[in-house]
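A.B. asks: Sending over coords_34.pdb (PDB, C-alpha atoms).
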ATOM      1  CA  MET O 314     -24.551 -30.746  34.875  1.00  0.00           C
ATOM      2  CA  ARG O 315     -22.398 -30.319  31.785  1.00  0.00           C
ATOM      3  CA  GLY O 316     -20.132 -33.134  30.613  1.00  0.00           C
ATOM      4  CA  PRO O 317     -16.476 -33.006  29.553  1.00  0.00           C
ATOM      5  CA  THR O 318     -15.269 -30.480  26.986  1.00  0.00           C
ATOM      6  CA  ALA O 319     -12.655 -30.534  24.261  1.00  0.00           C
ATOM      7  CA  GLY O 320     -10.600 -27.958  26.126  1.00  0.00           C
ATOM      8  CA  ALA O 321     -10.445 -30.211  29.169  1.00  0.00           C
ATOM      9  CA  ALA O 322      -9.611 -33.205  26.970  1.00  0.00           C
ATOM     10  CA  LEU O 323      -6.722 -31.424  25.249  1.00  0.00           C
ATOM     11  CA  THR O 324      -5.418 -30.234  28.613  1.00  0.00           C
ATOM     12  CA  ALA O 325      -5.546 -33.832  29.878  1.00  0.00           C
ATOM     13  CA  MET O 326      -3.531 -34.945  26.837  1.00  0.00           C
ATOM     14  CA  GLU O 327      -0.820 -32.416  27.652  1.00  0.00           C
ATOM     15  CA  ARG O 328      -0.533 -33.953  31.105  1.00  0.00           C
ATOM     16  CA  LEU O 329       0.040 -37.515  29.889  1.00  0.00           C
ATOM     17  CA  PRO O 330       3.444 -39.001  30.715  1.00  0.00           C
ATOM     18  CA  VAL O 331       6.197 -38.600  28.122  1.00  0.00           C
ATOM     19  CA  LEU O 332       7.728 -41.920  27.071  1.00  0.00           C
ATOM     20  CA  ALA O 333      10.680 -42.923  24.959  1.00  0.00           C
ATOM     21  CA  PHE O 334       9.908 -45.477  22.266  1.00  0.00           C
ATOM     22  CA  GLU O 335      11.524 -48.297  24.261  1.00  0.00           C
ATOM     23  CA  GLU O 336       9.037 -47.725  27.077  1.00  0.00           C
ATOM     24  CA  ILE O 337       6.006 -48.509  24.890  1.00  0.00           C
ATOM     25  CA  GLY O 338       6.749 -52.206  24.883  1.00  0.00           C
ATOM     26  CA  THR O 339       5.738 -53.212  21.367  1.00  0.00           C
ATOM     27  CA  LYS O 340       7.047 -55.794  18.912  1.00  0.00           C
ATOM     28  CA  GLY O 341       5.034 -54.574  15.922  1.00  0.00           C
ATOM     29  CA  ILE O 342       2.769 -51.667  15.009  1.00  0.00           C
ATOM     30  CA  THR O 343      -0.188 -51.238  12.668  1.00  0.00           C
ATOM     31  CA  ILE O 344      -1.218 -47.682  11.804  1.00  0.00           C
ATOM     32  CA  LEU O 345      -4.791 -47.224  10.542  1.00  0.00           C
ATOM     33  CA  ALA O 346      -5.322 -43.936   8.661  1.00  0.00           C
ATOM     34  CA  PRO O 347      -8.672 -42.700   7.342  1.00  0.00           C
ATOM     35  CA  HIS O 348      -6.948 -40.813   4.506  1.00  0.00           C
ATOM     36  CA  PRO O 349      -3.498 -40.703   2.906  1.00  0.00           C
ATOM     37  CA  ASP O 350      -1.616 -38.163   5.095  1.00  0.00           C
ATOM     38  CA  ASP O 351      -3.200 -38.960   8.485  1.00  0.00           C
ATOM     39  CA  GLU O 352      -0.499 -41.561   9.104  1.00  0.00           C
ATOM     40  CA  SER O 353       2.227 -38.935   8.668  1.00  0.00           C
ATOM     41  CA  LEU O 354       0.449 -36.140  10.538  1.00  0.00           C
ATOM     42  CA  GLY O 355      -0.492 -38.215  13.554  1.00  0.00           C
ATOM     43  CA  CYS O 356       2.109 -40.968  13.712  1.00  0.00           C
ATOM     44  CA  GLY O 357       5.124 -39.949  11.642  1.00  0.00           C
ATOM     45  CA  GLY O 358       7.383 -39.852  14.682  1.00  0.00           C
ATOM     46  CA  LEU O 359       6.195 -43.193  16.031  1.00  0.00           C
ATOM     47  CA  ILE O 360       6.639 -44.855  12.645  1.00  0.00           C
ATOM     48  CA  ARG O 361      10.168 -43.565  12.152  1.00  0.00           C
ATOM     49  CA  ALA O 362      11.163 -44.399  15.729  1.00  0.00           C
ATOM     50  CA  ALA O 363       9.928 -47.954  15.252  1.00  0.00           C
ATOM     51  CA  ARG O 364      11.675 -48.456  11.940  1.00  0.00           C
ATOM     52  CA  ASP O 365      14.949 -47.020  13.255  1.00  0.00           C
ATOM     53  CA  ARG O 366      14.838 -49.858  15.792  1.00  0.00           C
ATOM     54  CA  ASP O 367      13.825 -52.524  13.256  1.00  0.00           C
ATOM     55  CA  VAL O 368      10.322 -52.811  14.721  1.00  0.00           C
ATOM     56  CA  PRO O 369       7.951 -53.724  11.871  1.00  0.00           C
ATOM     57  CA  VAL O 370       5.252 -51.221  10.915  1.00  0.00           C
ATOM     58  CA  THR O 371       2.205 -51.855   8.747  1.00  0.00           C
ATOM     59  CA  ILE O 372       0.189 -48.914   7.401  1.00  0.00           C
ATOM     60  CA  VAL O 373      -3.415 -49.405   6.301  1.00  0.00           C
ATOM     61  CA  ILE O 374      -5.153 -46.452   4.629  1.00  0.00           C
ATOM     62  CA  LEU O 375      -8.904 -46.832   4.631  1.00  0.00           C
ATOM     63  CA  SER O 376     -10.267 -44.323   2.113  1.00  0.00           C
ATOM     64  CA  ASP O 377      -9.311 -43.610  -1.486  1.00  0.00           C
ATOM     65  CA  GLY O 378      -8.535 -39.950  -0.731  1.00  0.00           C
ATOM     66  CA  THR O 379     -10.583 -38.622  -3.629  1.00  0.00           C
ATOM     67  CA  GLY O 380     -12.676 -36.290  -1.481  1.00  0.00           C
ATOM     68  CA  SER O 381      -9.960 -33.670  -1.063  1.00  0.00           C
ATOM     69  CA  HIS O 382     -10.443 -32.085  -4.507  1.00  0.00           C
ATOM     70  CA  PRO O 383     -13.800 -33.298  -5.843  1.00  0.00           C
ATOM     71  CA  GLY O 384     -14.166 -30.331  -8.206  1.00  0.00           C
ATOM     72  CA  SER O 385     -10.856 -30.751 -10.029  1.00  0.00           C
ATOM     73  CA  SER O 386     -11.075 -31.540 -13.739  1.00  0.00           C
ATOM     74  CA  SER O 387      -7.315 -32.043 -14.069  1.00  0.00           C
ATOM     75  CA  TYR O 388      -7.383 -34.621 -11.272  1.00  0.00           C
ATOM     76  CA  PRO O 389     -10.571 -36.657 -11.641  1.00  0.00           C
ATOM     77  CA  ALA O 390     -11.185 -39.353  -9.052  1.00  0.00           C
ATOM     78  CA  GLU O 391      -9.029 -42.103 -10.551  1.00  0.00           C
ATOM     79  CA  ARG O 392      -6.042 -39.827 -11.149  1.00  0.00           C
ATOM     80  CA  LEU O 393      -6.381 -38.217  -7.725  1.00  0.00           C
ATOM     81  CA  ARG O 394      -6.534 -41.611  -6.035  1.00  0.00           C
ATOM     82  CA  ALA O 395      -3.360 -42.709  -7.828  1.00  0.00           C
ATOM     83  CA  LEU O 396      -1.621 -39.469  -6.844  1.00  0.00           C
ATOM     84  CA  ARG O 397      -2.575 -39.711  -3.198  1.00  0.00           C
ATOM     85  CA  GLU O 398      -1.524 -43.341  -2.989  1.00  0.00           C
ATOM     86  CA  ALA O 399       1.821 -42.487  -4.590  1.00  0.00           C
ATOM     87  CA  GLU O 400       2.273 -39.688  -2.040  1.00  0.00           C
ATOM     88  CA  ALA O 401       1.476 -42.083   0.797  1.00  0.00           C
ATOM     89  CA  LEU O 402       4.057 -44.568  -0.469  1.00  0.00           C
ATOM     90  CA  ALA O 403       6.654 -41.789  -0.757  1.00  0.00           C
ATOM     91  CA  ALA O 404       5.897 -40.633   2.798  1.00  0.00           C
ATOM     92  CA  ALA O 405       6.118 -44.202   4.083  1.00  0.00           C
ATOM     93  CA  GLY O 406       9.492 -44.563   2.396  1.00  0.00           C
ATOM     94  CA  VAL O 407      10.763 -41.465   4.201  1.00  0.00           C
ATOM     95  CA  LEU O 408       9.664 -43.053   7.463  1.00  0.00           C
ATOM     96  CA  GLY O 409      11.331 -46.364   6.642  1.00  0.00           C
ATOM     97  CA  VAL O 410       8.272 -48.441   5.766  1.00  0.00           C
ATOM     98  CA  PRO O 411       8.604 -50.571   2.600  1.00  0.00           C
ATOM     99  CA  SER O 412       5.867 -50.238   0.006  1.00  0.00           C
ATOM    100  CA  ASN O 413       4.692 -53.829   0.502  1.00  0.00           C
ATOM    101  CA  ASP O 414       3.805 -52.933   4.098  1.00  0.00           C
ATOM    102  CA  VAL O 415       1.441 -50.145   2.976  1.00  0.00           C
ATOM    103  CA  HIS O 416      -2.108 -51.228   2.130  1.00  0.00           C
ATOM    104  CA  PHE O 417      -5.049 -49.336   0.626  1.00  0.00           C
ATOM    105  CA  LEU O 418      -8.643 -50.426   1.291  1.00  0.00           C
ATOM    106  CA  ARG O 419      -9.992 -47.769  -1.133  1.00  0.00           C
ATOM    107  CA  LEU O 420     -13.206 -47.103   0.747  1.00  0.00           C
ATOM    108  CA  PRO O 421     -15.081 -43.992  -0.440  1.00  0.00           C
ATOM    109  CA  ASP O 422     -13.566 -40.789   0.946  1.00  0.00           C
ATOM    110  CA  ARG O 423     -16.103 -38.932   3.146  1.00  0.00           C
ATOM    111  CA  PHE O 424     -18.223 -42.092   3.238  1.00  0.00           C
ATOM    112  CA  VAL O 425     -16.115 -44.639   5.142  1.00  0.00           C
ATOM    113  CA  PRO O 426     -18.767 -46.969   6.608  1.00  0.00           C
ATOM    114  CA  SER O 427     -19.099 -47.651  10.311  1.00  0.00           C
ATOM    115  CA  TYR O 428     -21.880 -50.248  10.064  1.00  0.00           C
ATOM    116  CA  GLY O 429     -23.440 -52.631   7.570  1.00  0.00           C
ATOM    117  CA  PRO O 430     -21.899 -55.169   5.184  1.00  0.00           C
ATOM    118  CA  ALA O 431     -19.201 -52.812   3.850  1.00  0.00           C
ATOM    119  CA  ALA O 432     -18.061 -52.038   7.390  1.00  0.00           C
ATOM    120  CA  GLU O 433     -18.028 -55.730   8.300  1.00  0.00           C
ATOM    121  CA  GLU O 434     -15.846 -56.464   5.274  1.00  0.00           C
ATOM    122  CA  ALA O 435     -13.496 -53.640   6.232  1.00  0.00           C
ATOM    123  CA  VAL O 436     -13.222 -54.967   9.796  1.00  0.00           C
ATOM    124  CA  ALA O 437     -12.362 -58.424   8.461  1.00  0.00           C
ATOM    125  CA  GLN O 438      -9.650 -56.938   6.229  1.00  0.00           C
ATOM    126  CA  LEU O 439      -8.202 -54.892   9.077  1.00  0.00           C
ATOM    127  CA  ALA O 440      -8.160 -57.927  11.355  1.00  0.00           C
ATOM    128  CA  ASP O 441      -6.331 -59.891   8.653  1.00  0.00           C
ATOM    129  CA  HIS O 442      -3.687 -57.174   8.306  1.00  0.00           C
ATOM    130  CA  ILE O 443      -3.190 -57.040  12.074  1.00  0.00           C
ATOM    131  CA  ARG O 444      -2.837 -60.817  12.337  1.00  0.00           C
ATOM    132  CA  LEU O 445      -0.518 -61.153   9.345  1.00  0.00           C
ATOM    133  CA  SER O 446       1.722 -58.343  10.547  1.00  0.00           C
ATOM    134  CA  GLY O 447       2.013 -59.790  14.043  1.00  0.00           C
ATOM    135  CA  SER O 448       1.334 -56.343  15.488  1.00  0.00           C
ATOM    136  CA  ASP O 449       0.565 -55.974  19.177  1.00  0.00           C
ATOM    137  CA  PHE O 450      -0.058 -52.200  18.958  1.00  0.00           C
ATOM    138  CA  VAL O 451      -2.661 -50.571  16.707  1.00  0.00           C
ATOM    139  CA  ALA O 452      -3.179 -46.813  16.330  1.00  0.00           C
ATOM    140  CA  VAL O 453      -6.159 -45.067  14.735  1.00  0.00           C
ATOM    141  CA  THR O 454      -7.629 -41.573  14.706  1.00  0.00           C
ATOM    142  CA  TRP O 455      -9.363 -40.296  17.841  1.00  0.00           C
ATOM    143  CA  GLU O 456     -13.117 -40.903  17.848  1.00  0.00           C
ATOM    144  CA  GLU O 457     -13.671 -37.261  18.838  1.00  0.00           C
ATOM    145  CA  ASP O 458     -12.035 -35.955  15.643  1.00  0.00           C
ATOM    146  CA  PRO O 459     -14.693 -33.835  13.881  1.00  0.00           C
ATOM    147  CA  HIS O 460     -14.625 -35.788  10.620  1.00  0.00           C
ATOM    148  CA  CYS O 461     -16.990 -38.604   9.732  1.00  0.00           C
ATOM    149  CA  ASP O 462     -14.224 -40.797   8.270  1.00  0.00           C
ATOM    150  CA  HIS O 463     -12.081 -40.413  11.387  1.00  0.00           C
ATOM    151  CA  LYS O 464     -14.968 -41.459  13.607  1.00  0.00           C
ATOM    152  CA  ALA O 465     -15.733 -44.409  11.337  1.00  0.00           C
ATOM    153  CA  ALA O 466     -12.070 -45.438  11.360  1.00  0.00           C
ATOM    154  CA  ALA O 467     -12.093 -45.539  15.157  1.00  0.00           C
ATOM    155  CA  SER O 468     -15.192 -47.726  15.127  1.00  0.00           C
ATOM    156  CA  LEU O 469     -13.734 -50.145  12.569  1.00  0.00           C
ATOM    157  CA  ALA O 470     -10.428 -50.314  14.434  1.00  0.00           C
ATOM    158  CA  ARG O 471     -12.107 -51.125  17.735  1.00  0.00           C
ATOM    159  CA  ALA O 472     -14.022 -53.989  16.127  1.00  0.00           C
ATOM    160  CA  ALA O 473     -10.864 -55.346  14.461  1.00  0.00           C
ATOM    161  CA  CYS O 474      -8.880 -55.141  17.693  1.00  0.00           C
ATOM    162  CA  ILE O 475     -11.610 -56.979  19.581  1.00  0.00           C
ATOM    163  CA  LEU O 476     -11.328 -59.771  17.013  1.00  0.00           C
ATOM    164  CA  THR O 477      -7.546 -59.902  17.327  1.00  0.00           C
ATOM    165  CA  SER O 478      -7.190 -59.057  21.039  1.00  0.00           C
ATOM    166  CA  THR O 479      -4.780 -56.243  20.180  1.00  0.00           C
ATOM    167  CA  ARG O 480      -4.074 -53.058  22.133  1.00  0.00           C
ATOM    168  CA  LEU O 481      -5.665 -50.023  20.483  1.00  0.00           C
ATOM    169  CA  PHE O 482      -4.507 -46.420  20.784  1.00  0.00           C
ATOM    170  CA  ALA O 483      -5.984 -43.226  19.331  1.00  0.00           C
ATOM    171  CA  TYR O 484      -4.079 -40.301  17.872  1.00  0.00           C
ATOM    172  CA  PRO O 485      -5.825 -36.910  17.541  1.00  0.00           C
ATOM    173  CA  ILE O 486      -5.813 -35.080  14.213  1.00  0.00           C
ATOM    174  CA  TRP O 487      -8.707 -32.639  13.803  1.00  0.00           C
ATOM    175  CA  GLY O 488      -9.666 -33.056  17.444  1.00  0.00           C
ATOM    176  CA  ARG O 489      -6.847 -30.589  18.030  1.00  0.00           C
ATOM    177  CA  THR O 490      -8.962 -27.914  16.298  1.00  0.00           C
ATOM    178  CA  LEU O 491     -12.130 -28.376  18.360  1.00  0.00           C
ATOM    179  CA  PRO O 492     -13.417 -25.263  20.145  1.00  0.00           C
ATOM    180  CA  PRO O 493     -12.543 -25.485  23.855  1.00  0.00           C
ATOM    181  CA  ASP O 494     -16.213 -25.556  24.836  1.00  0.00           C
ATOM    182  CA  ALA O 495     -17.169 -28.348  22.395  1.00  0.00           C
ATOM    183  CA  ASP O 496     -18.642 -31.425  24.045  1.00  0.00           C
ATOM    184  CA  VAL O 497     -16.733 -34.723  24.055  1.00  0.00           C
ATOM    185  CA  LYS O 498     -17.861 -38.118  25.299  1.00  0.00           C
ATOM    186  CA  ALA O 499     -15.150 -38.562  27.902  1.00  0.00           C
ATOM    187  CA  LEU O 500     -11.814 -37.217  29.036  1.00  0.00           C
ATOM    188  CA  PRO O 501      -8.710 -39.202  28.037  1.00  0.00           C
ATOM    189  CA  GLY O 502      -7.719 -41.837  30.547  1.00  0.00           C
ATOM    190  CA  ASN O 503      -4.649 -43.963  30.027  1.00  0.00           C
ATOM    191  CA  GLY O 504      -2.187 -43.040  27.333  1.00  0.00           C
ATOM    192  CA  PHE O 505       1.140 -41.395  26.736  1.00  0.00           C
ATOM    193  CA  ARG O 506       3.025 -38.775  24.768  1.00  0.00           C
ATOM    194  CA  LEU O 507       5.856 -40.126  22.664  1.00  0.00           C
ATOM    195  CA  ASP O 508       9.054 -38.093  22.556  1.00  0.00           C
ATOM    196  CA  ILE O 509       9.753 -37.594  18.827  1.00  0.00           C
ATOM    197  CA  ARG O 510      12.385 -34.868  18.917  1.00  0.00           C
ATOM    198  CA  ASN O 511      14.846 -37.115  17.103  1.00  0.00           C
ATOM    199  CA  GLU O 512      12.239 -38.085  14.486  1.00  0.00           C
ATOM    200  CA  LEU O 513      10.655 -34.679  13.888  1.00  0.00           C
ATOM    201  CA  ALA O 514      12.739 -33.845  10.799  1.00  0.00           C
ATOM    202  CA  ALA O 515      11.723 -37.109   9.135  1.00  0.00           C
ATOM    203  CA  LYS O 516       8.096 -36.488  10.093  1.00  0.00           C
ATOM    204  CA  ARG O 517       8.201 -33.058   8.450  1.00  0.00           C
ATOM    205  CA  LYS O 518       9.611 -34.603   5.272  1.00  0.00           C
ATOM    206  CA  ALA O 519       6.933 -37.302   5.257  1.00  0.00           C
ATOM    207  CA  ILE O 520       4.149 -34.735   5.637  1.00  0.00           C
ATOM    208  CA  ALA O 521       5.654 -32.677   2.804  1.00  0.00           C
ATOM    209  CA  ALA O 522       5.524 -35.765   0.554  1.00  0.00           C
ATOM    210  CA  HIS O 523       1.737 -35.325   0.521  1.00  0.00           C
ATOM    211  CA  ARG O 524       2.090 -32.483  -1.984  1.00  0.00           C
ATOM    212  CA  SER O 525      -1.555 -32.513  -3.063  1.00  0.00           C
ATOM    213  CA  GLN O 526      -2.497 -31.660   0.512  1.00  0.00           C
ATOM    214  CA  THR O 527       0.300 -29.260   1.455  1.00  0.00           C
ATOM    215  CA  THR O 528       0.904 -27.205  -1.718  1.00  0.00           C
ATOM    216  CA  ASP O 529      -1.011 -25.643  -4.612  1.00  0.00           C
ATOM    217  CA  LEU O 530      -0.278 -28.650  -6.826  1.00  0.00           C
ATOM    218  CA  ILE O 531      -3.982 -28.882  -7.727  1.00  0.00           C
ATOM    219  CA  THR O 532      -5.135 -25.429  -8.787  1.00  0.00           C
ATOM    220  CA  ASP O 533      -8.493 -25.975 -10.471  1.00  0.00           C
ATOM    221  CA  ASP O 534     -10.689 -26.711  -7.450  1.00  0.00           C
ATOM    222  CA  PRO O 535     -11.313 -23.536  -5.417  1.00  0.00           C
ATOM    223  CA  ASN O 536     -12.966 -25.612  -2.714  1.00  0.00           C
ATOM    224  CA  GLY O 537     -10.182 -28.192  -2.562  1.00  0.00           C
ATOM    225  CA  PHE O 538      -8.556 -29.027   0.749  1.00  0.00           C
ATOM    226  CA  THR O 539      -5.107 -27.757   1.677  1.00  0.00           C
ATOM    227  CA  LEU O 540      -3.209 -28.044   4.938  1.00  0.00           C
ATOM    228  CA  THR O 541      -2.489 -24.418   5.776  1.00  0.00           C
ATOM    229  CA  PRO O 542       0.630 -23.375   7.711  1.00  0.00           C
ATOM    230  CA  ALA O 543      -1.590 -22.881  10.758  1.00  0.00           C
ATOM    231  CA  LEU O 544      -2.915 -26.435  10.521  1.00  0.00           C
ATOM    232  CA  LEU O 545       0.527 -27.880   9.875  1.00  0.00           C
ATOM    233  CA  SER O 546       1.850 -26.119  12.962  1.00  0.00           C
ATOM    234  CA  LEU O 547      -0.421 -28.322  15.092  1.00  0.00           C
ATOM    235  CA  PHE O 548       1.829 -31.254  14.203  1.00  0.00           C
ATOM    236  CA  GLU O 549       5.138 -29.417  14.721  1.00  0.00           C
ATOM    237  CA  THR O 550       5.440 -30.689  18.258  1.00  0.00           C
ATOM    238  CA  SER O 551       8.096 -32.617  20.133  1.00  0.00           C
ATOM    239  CA  CYS O 552       5.584 -35.247  21.252  1.00  0.00           C
ATOM    240  CA  GLU O 553       2.820 -37.308  19.654  1.00  0.00           C
ATOM    241  CA  VAL O 554      -0.266 -38.230  21.676  1.00  0.00           C
ATOM    242  CA  TYR O 555      -1.552 -41.805  21.977  1.00  0.00           C
ATOM    243  CA  LEU O 556      -4.707 -42.486  23.985  1.00  0.00           C
ATOM    244  CA  GLU O 557      -5.457 -46.050  25.036  1.00  0.00           C
ATOM    245  CA  MET O 558      -8.920 -47.090  23.863  1.00  0.00           C
ATOM    246  CA  GLN O 559     -11.102 -49.503  25.748  1.00  0.00           C
ATOM    247  CA  LEU O 560     -12.242 -52.554  23.777  1.00  0.00           C
TER     248      LEU O 560
END
Step by step, read the file and then write its structure as structure tokens.
C.D. replies:
Amino acid sequence: MRGPTAGAALTAMERLPVLAFEEIGTKGITILAPHPDDESLGCGGLIRAARDRDVPVTIVILSDGTGSHPGSSSYPAERLRALREAEALAAAGVLGVPSNDVHFLRLPDRFVPSYGPAAEEAVAQLADHIRLSGSDFVAVTWEEDPHCDHKAAASLARAACILTSTRLFAYPIWGRTLPPDADVKALPGNGFRLDIRNELAAKRKAIAAHRSQTTDLITDDPNGFTLTPALLSLFETSCEVYLEMQL
């Protein structure tokens, strides 16, 4: 008998209850993003809603972001990393997060580890950020996202939240693009959709701050990554999805 599919999982997400920010019940949030831009795409509304209510938000970006345009000669790795970090800081500013609450682990893009000494060090760093921030709510990319760094991020986040006894939620990014008949491990259980209608304009502006990912700013890598209008439309929704993960 066949197991759950992505189509069924996405349908289950659309049936989750819609909550206002006040119904989440959090005193502090840590957002874990595999790459600079995932925090805006997946959680821009949540971040802005929290900051508008003076709830502290910490953003931790795991990878250095240099895998988006590996063939560019005008933006070699060091320059591209600096650009993507600057974009992330600009996006965070739009969402109300001060620069000293944005942290970069600079793990290798496309090679974020999920096991071994490097992963253990990353887990320790994440746990430290969660503890120091006082967060009681952590969000990371969905483990079913079809990207190795997103899956690794979910694994690292789970380990860090076990260490800190913190609630962990997943937000889908590329899982939204899975074919309906693709296999997934399990259907979403507990979770919610956050009403972000009042924050959607700020979310759009934060996403646009990632110019290297949303425009033709980098023109000398024909295989470079760009968020097309079709992809961006996936995040033009009145709700953001947060799936509670079991620790």
A.B. asks: (4.8, -51.6, 15.2) in this file's frame - what residues fall within 9 Å of it? Use only C-alpha atoms and give the answer as a PyMOL selection string.
C.D. replies: chain O and resi 339-344+359-360+363-364+368-371+446-451
A.B. asks: Convert the output of the PyMOL selection byres ((chain O and resi 483) around 6) on the shown file into explicit residues, formatted as a tab-separated table (two decimals) with C-alpha atoms, in the coordinates of the input.
C.D. replies:
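Writing done, so here's selection00.tsv:
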chain	number	residue	atom	x	y	z
O	452	ALA	CA	-3.18	-46.81	16.33
O	453	VAL	CA	-6.16	-45.07	14.74
O	454	THR	CA	-7.63	-41.57	14.71
O	455	TRP	CA	-9.36	-40.30	17.84
O	482	PHE	CA	-4.51	-46.42	20.78
O	484	TYR	CA	-4.08	-40.30	17.87
O	555	TYR	CA	-1.55	-41.80	21.98
O	556	LEU	CA	-4.71	-42.49	23.98
A.B. asks: Using all atoms listed in the file, can you tell me which of O:Pro330, O:Gly380, O:Pro349, O:Pro501 comes closest to Phe424 of chain O?
C.D. replies: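 Residue with the minimum atom-to-atom distance to Phe424 of chain O: O:Gly380.
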A.B. asks: Could you list the residues chosen by the PyMOL selection byres ((chain O and resi 391-397) around 10) in this structure as an mmCIF file with C-alpha atoms, keeping the file's coordinate frame?
C.D. replies:
data_model
loop_
_atom_site.group_PDB
_atom_site.id
_atom_site.type_symbol
_atom_site.label_atom_id
_atom_site.label_comp_id
_atom_site.auth_asym_id
_atom_site.auth_seq_id
_atom_site.Cartn_x
_atom_site.Cartn_y
_atom_site.Cartn_z
ATOM 1 C CA HIS O 348 -6.948 -40.813 4.506
ATOM 2 C CA PRO O 349 -3.498 -40.703 2.906
ATOM 3 C CA ASP O 350 -1.616 -38.163 5.095
ATOM 4 C CA SER O 376 -10.267 -44.323 2.113
ATOM 5 C CA ASP O 377 -9.311 -43.610 -1.486
ATOM 6 C CA GLY O 378 -8.535 -39.950 -0.731
ATOM 7 C CA THR O 379 -10.583 -38.622 -3.629
ATOM 8 C CA GLY O 380 -12.676 -36.290 -1.481
ATOM 9 C CA SER O 381 -9.960 -33.670 -1.063
ATOM 10 C CA HIS O 382 -10.443 -32.085 -4.507
ATOM 11 C CA PRO O 383 -13.800 -33.298 -5.843
ATOM 12 C CA SER O 385 -10.856 -30.751 -10.029
ATOM 13 C CA SER O 387 -7.315 -32.043 -14.069
ATOM 14 C CA TYR O 388 -7.383 -34.621 -11.272
ATOM 15 C CA PRO O 389 -10.571 -36.657 -11.641
ATOM 16 C CA ALA O 390 -11.185 -39.353 -9.052
ATOM 17 C CA GLU O 398 -1.524 -43.341 -2.989
ATOM 18 C CA ALA O 399 1.821 -42.487 -4.590
ATOM 19 C CA GLU O 400 2.273 -39.688 -2.040
ATOM 20 C CA ALA O 401 1.476 -42.083 0.797
ATOM 21 C CA LEU O 402 4.057 -44.568 -0.469
ATOM 22 C CA ALA O 403 6.654 -41.789 -0.757
ATOM 23 C CA ARG O 419 -9.992 -47.769 -1.133
ATOM 24 C CA ASP O 422 -13.566 -40.789 0.946
ATOM 25 C CA ALA O 522 5.524 -35.765 0.554
ATOM 26 C CA HIS O 523 1.737 -35.325 0.521
ATOM 27 C CA ARG O 524 2.090 -32.483 -1.984
ATOM 28 C CA SER O 525 -1.555 -32.513 -3.063
ATOM 29 C CA GLN O 526 -2.497 -31.660 0.512
ATOM 30 C CA ILE O 531 -3.982 -28.882 -7.727
#
A.B. asks: Quick one, how far is atom CA of Leu469 of chain O from atom CA of Ala431 of chain O?
C.D. replies: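 If I compute the distance from atom CA of Leu469 of chain O to atom CA of Ala431 of chain O, I get 10.6 Å.
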A.B. asks: Write out as a list of chain:residue names the residues lying within 7 Å of Phe417 of chain O, counting only C-alpha atoms and excluding same-chain residues fewer than 6 positions away.
C.D. replies: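 Everything that qualifies: O:Val373, O:Ile374, O:Leu375.
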A.B. asks: Name the residues that the PyMOL selection byres ((chain O and resi 326) around 8) pulls out of this structure, and write them as a PyMOL selection string.
C.D. replies: chain O and resi 322-325+327-329+501+505-506+554
A.B. asks: Go through O:Ile509, O:Ile337, O:Ala321, O:Ala514 and flag the residue nearest Arg480 of chain O, using only C-alpha atoms for the distances.
C.D. replies: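 Nearest to Arg480 of chain O: O:Ile337.
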A.B. asks: Please measure the separation of atom CA of Lys516 of chain O and atom CA of Asp367 of chain O, giving the value in Å to one decimal.
C.D. replies: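 Computing it gives 17.3 Å between the two atoms.
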A.B. asks: Which value, in Å to one decimal, gives the distance between atom CA of Gly502 of chain O and atom CA of Asp365 of chain O?
C.D. replies: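 Pair atom CA of Gly502 of chain O / atom CA of Asp365 of chain O returns 29.0 Å.
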